[in-house]
$ cat upload12.cif   # mmCIF, C-alpha atoms
data_protein
#
loop_
_atom_site.label_atom_id
_atom_site.label_comp_id
_atom_site.auth_asym_id
_atom_site.auth_seq_id
_atom_site.Cartn_x
_atom_site.Cartn_y
_atom_site.Cartn_z
CA MET A 1 2.96 36.48 -7.65
CA MET A 2 2.92 33.13 -5.93
CA ILE A 3 3.08 31.19 -9.19
CA LEU A 4 5.94 33.36 -10.44
CA GLY A 5 7.68 32.86 -7.09
CA TYR A 6 7.22 29.09 -7.14
CA ALA A 7 8.34 28.88 -10.78
CA ALA A 8 11.51 30.88 -10.14
CA LEU A 9 12.26 28.94 -6.95
CA LEU A 10 11.78 25.63 -8.79
CA CYS A 11 14.12 26.73 -11.60
CA GLY A 12 16.75 27.99 -9.17
CA SER A 13 16.46 24.82 -7.11
CA LEU A 14 16.91 22.69 -10.23
CA LEU A 15 20.11 24.61 -10.98
CA SER A 16 21.26 23.80 -7.44
CA VAL A 17 20.39 20.13 -7.92
CA ALA A 18 22.45 20.18 -11.13
CA LEU A 19 25.29 21.72 -9.13
CA LEU A 20 25.08 18.89 -6.61
CA VAL A 21 25.03 16.25 -9.35
CA ILE A 22 28.09 17.72 -11.04
CA THR A 23 29.93 18.22 -7.75
CA PHE A 24 29.41 14.70 -6.44
CA ARG A 25 29.43 12.83 -9.76
CA LYS A 26 31.95 10.05 -10.15
CA ASP A 27 32.90 8.20 -13.30
CA ARG A 28 30.78 5.07 -13.34
CA LYS A 29 31.42 1.98 -15.33
CA LEU A 30 28.30 1.53 -17.44
CA PHE A 31 28.90 -2.07 -18.39
CA TYR A 32 31.73 -4.46 -18.97
CA LYS A 33 31.81 -6.35 -22.25
CA SER A 34 34.04 -9.26 -23.11
CA ASN A 35 34.09 -10.81 -26.56
CA GLY A 36 36.82 -13.39 -25.94
CA PHE A 37 39.73 -11.40 -27.40
CA VAL A 38 39.27 -7.84 -26.16
CA ASN A 39 37.88 -6.59 -22.87
CA GLU A 40 36.20 -3.22 -23.23
CA SER A 41 35.16 -0.93 -20.40
CA PHE A 42 32.79 1.91 -21.08
CA PHE A 43 32.91 4.95 -18.82
CA LEU A 44 30.92 8.10 -18.46
CA GLY A 45 33.46 10.80 -19.14
CA GLU A 46 37.00 10.49 -20.43
CA ASN A 47 40.02 8.40 -19.57
CA VAL A 48 40.44 7.71 -15.85
CA LEU A 49 44.05 8.90 -15.84
CA GLU A 50 43.07 12.31 -17.22
CA ASN A 51 40.56 12.78 -14.39
CA THR A 52 43.15 12.40 -11.65
CA SER A 53 45.10 15.55 -12.48
CA PHE A 54 44.08 18.50 -10.35
CA PHE A 55 45.14 21.06 -12.95
CA SER A 56 43.55 19.40 -15.98
CA ALA A 57 41.38 21.40 -18.37
CA LYS A 58 38.40 19.20 -17.46
CA ASN A 59 38.66 20.19 -13.79
CA TYR A 60 38.97 23.85 -14.76
CA TYR A 61 35.83 23.79 -16.91
CA ARG A 62 34.02 21.75 -14.30
CA SER A 63 34.81 24.31 -11.58
CA GLN A 64 33.73 27.13 -13.91
CA LEU A 65 30.44 25.33 -14.55
CA ILE A 66 29.90 24.80 -10.83
CA GLN A 67 30.54 28.50 -10.15
CA GLN A 68 28.13 29.55 -12.91
CA LEU A 69 25.43 27.18 -11.64
CA ASP A 70 25.91 28.54 -8.13
CA TYR A 71 25.74 32.14 -9.37
CA TRP A 72 22.62 31.64 -11.47
CA SER A 73 20.81 29.54 -8.89
CA TYR A 74 21.42 32.30 -6.34
CA ARG A 75 20.09 34.97 -8.71
CA VAL A 76 16.99 33.01 -9.73
CA ILE A 77 16.20 31.95 -6.15
CA SER A 78 16.60 35.57 -5.00
CA LEU A 79 14.07 36.65 -7.62
CA GLY A 80 11.69 33.84 -6.65
CA PHE A 81 12.07 34.67 -2.97
CA THR A 82 11.11 38.27 -3.71
CA PHE A 83 8.01 37.16 -5.62
CA LEU A 84 7.10 34.71 -2.85
CA THR A 85 7.45 37.40 -0.19
CA ILE A 86 5.26 39.83 -2.16
CA GLY A 87 2.72 37.05 -2.78
CA ILE A 88 2.50 36.07 0.90
CA LEU A 89 2.17 39.69 2.03
CA SER A 90 -0.42 40.62 -0.60
CA GLY A 91 -2.32 37.41 0.15
CA ALA A 92 -2.37 38.31 3.83
CA VAL A 93 -3.76 41.76 3.05
CA TRP A 94 -6.40 40.23 0.77
CA ALA A 95 -7.30 37.64 3.44
CA ASN A 96 -7.78 40.41 5.98
CA GLU A 97 -10.19 42.18 3.64
CA ALA A 98 -12.05 38.98 2.72
CA TRP A 99 -12.09 37.02 5.98
CA GLY A 100 -11.13 39.53 8.67
CA SER A 101 -7.74 38.03 9.62
CA TYR A 102 -4.31 38.17 8.06
CA TRP A 103 -3.35 34.57 8.79
CA ASN A 104 -5.51 31.50 9.39
CA TRP A 105 -2.86 28.74 9.62
CA ASP A 106 -4.45 27.01 6.67
CA PRO A 107 -2.24 24.14 5.39
CA LYS A 108 -1.42 26.06 2.19
CA GLU A 109 -0.48 29.19 4.16
CA THR A 110 1.61 27.13 6.56
CA TRP A 111 3.52 25.34 3.78
CA ALA A 112 4.04 28.64 1.94
CA PHE A 113 5.56 29.96 5.17
CA ILE A 114 7.75 26.85 5.50
CA THR A 115 8.88 27.37 1.89
CA TRP A 116 9.68 30.98 2.68
CA ILE A 117 11.71 29.94 5.76
CA VAL A 118 13.70 27.31 3.83
CA PHE A 119 14.67 29.77 1.12
CA ALA A 120 15.43 32.45 3.70
CA ILE A 121 17.87 29.94 5.21
CA TYR A 122 19.32 29.38 1.73
CA LEU A 123 19.86 33.12 1.23
CA HIS A 124 21.46 33.39 4.67
CA THR A 125 23.83 30.50 3.96
CA ARG A 126 24.92 32.34 0.83
CA THR A 127 26.13 35.27 2.93
CA ASN A 128 28.79 33.04 4.54
CA ILE A 129 31.55 32.42 2.00
CA ASN A 130 32.37 29.02 3.57
CA LEU A 131 28.82 27.75 3.01
CA ARG A 132 28.50 28.66 -0.66
CA GLY A 133 28.42 26.06 -3.38
CA ALA A 134 27.37 22.56 -2.40
CA ASN A 135 26.34 23.48 1.16
CA SER A 136 23.80 26.08 0.08
CA ALA A 137 22.75 23.88 -2.85
CA ILE A 138 21.69 21.19 -0.36
CA VAL A 139 19.35 23.69 1.28
CA ALA A 140 17.96 24.64 -2.15
CA ALA A 141 17.42 20.95 -2.97
CA ILE A 142 15.43 20.59 0.25
CA GLY A 143 13.49 23.66 -0.83
CA PHE A 144 12.75 21.94 -4.15
CA LEU A 145 10.99 19.13 -2.29
CA ILE A 146 9.15 21.58 -0.02
CA ILE A 147 7.81 23.49 -3.03
CA TRP A 148 6.37 20.30 -4.50
CA ILE A 149 4.68 19.53 -1.19
CA CYS A 150 3.35 23.07 -0.98
CA TYR A 151 2.25 23.39 -4.58
CA PHE A 152 0.79 19.96 -5.30
CA GLY A 153 0.57 17.99 -2.06
CA VAL A 154 -1.51 20.46 -0.10
CA ASN A 155 -3.81 21.20 -3.04
CA LEU A 156 -4.54 17.53 -3.61
CA LEU A 157 -5.30 16.77 0.03
CA GLY A 158 -8.57 18.68 -0.21
CA ILE A 159 -8.19 20.29 3.20
CA GLY A 160 -8.51 23.98 3.97
CA LEU A 161 -9.40 27.17 2.17
CA HIS A 162 -6.79 26.77 -0.56
CA SER A 163 -7.64 23.28 -1.79
CA TYR A 164 -8.54 23.46 -5.46
CA GLY A 165 -9.09 19.80 -6.10
CA SER A 166 -8.55 16.49 -4.46
CA PHE A 167 -8.61 12.82 -5.15
CA PRO A 168 -12.10 11.43 -4.66
CA SER A 169 -12.48 9.13 -1.71
CA THR A 170 -13.49 5.65 -2.84
CA PHE A 171 -13.74 4.21 0.66
CA ASN A 172 -17.18 4.25 2.31
#

$ encode --input "upload12.cif" --output "structure tokens"
Amino acid sequence: MMILGYAALLCGSLLSVALLVITFRKDRKLFYKSNGFVNESFFLGENVLENTSFFSAKNYYRSQLIQQLDYWSYRVISLGFTFLTIGILSGAVWANEAWGSYWNWDPKETWAFITWIVFAIYLHTRTNINLRGANSAIVAAIGFLIIWICYFGVNLLGIGLHSYGSFPSTFN
């Protein structure tokens, strides 16, 4: 359950990162080339004058893409949040049977809880219509970084009950 939860949360967070990139992307001049007779400017995107119109077809398709990314990131993160919640609860029940306590504040358990809190904040920001889109995507992007800390960082530290491997210490 935890791996399914992390995988879905990572995919949903990547959709939110894509939303942020598309929302805040500007046309950048890649390079400027002069061959003596003709000056050529190369841009990402189309002509600069076409981008200035509010009602252009490009802006319409861009806003549709942003809405679809927002919609799908919300759906995928909701699914991942459900899997994460079930994984944390079932892990707590298993820990009680194995070790006699539901929660030990192990680093992996703590970071899983922090991940759960961040994505709970994301889902709560989605309930406010003024915070949808880029605002909630920022929270999901933060969650993306938290998942990497939780999934890889804590495992590689070699501390606690949930460490499955670590870098060998070469200092003596």

$ closest_residue --input "upload12.cif" --among "A:Phe144, A:Phe24, A:Trp99, A:Trp116" --to "Leu10 of chain A" --atoms "all atoms listed in the file"
A:Phe144

$ residues_around --input "upload12.cif" --residues "Phe119 of chain A" --least-positions-apart "2" --cutoff "9 Å" --atoms "all atoms listed in the file" --output "ChimeraX atom specification"
/A:9,77-78,81,114-117,121-124,139-140,143

$ resolve_selection --input "upload12.cif" --expression "the PyMOL selection byres ((chain A and resi 70) around 10)" --output "PyMOL selection string"
chain A and resi 12+15-16+18-20+64-69+71-75+126+132-134+136-137

$ residues_around --input "upload12.cif" --residues "segment 1-7 of chain A" --least-positions-apart "3" --cutoff "10 Å" --atoms "all atoms listed in the file" --output "PyMOL selection string"
chain A and resi 10-13+76-88+90-91+112+115+144+147-148+150-151

$ atom_distance --input "upload12.cif" --atom1 "atom CA of Asn104 of chain A" --atom2 "atom CA of Leu157 of chain A"
17.5 Å

$ atom_distance --input "upload12.cif" --atom1 "atom CA of Leu89 of chain A" --atom2 "atom CA of Asn128 of chain A"
27.6 Å

$ atom_distance --input "upload12.cif" --atom1 "atom CA of Arg62 of chain A" --atom2 "atom CA of Thr23 of chain A"
8.5 Å

$ closest_residue --input "upload12.cif" --among "A:Ala98, A:Ile138, A:Ala57, A:Val21" --to "Val118 of chain A" --atoms "only C-alpha atoms"
A:Ile138
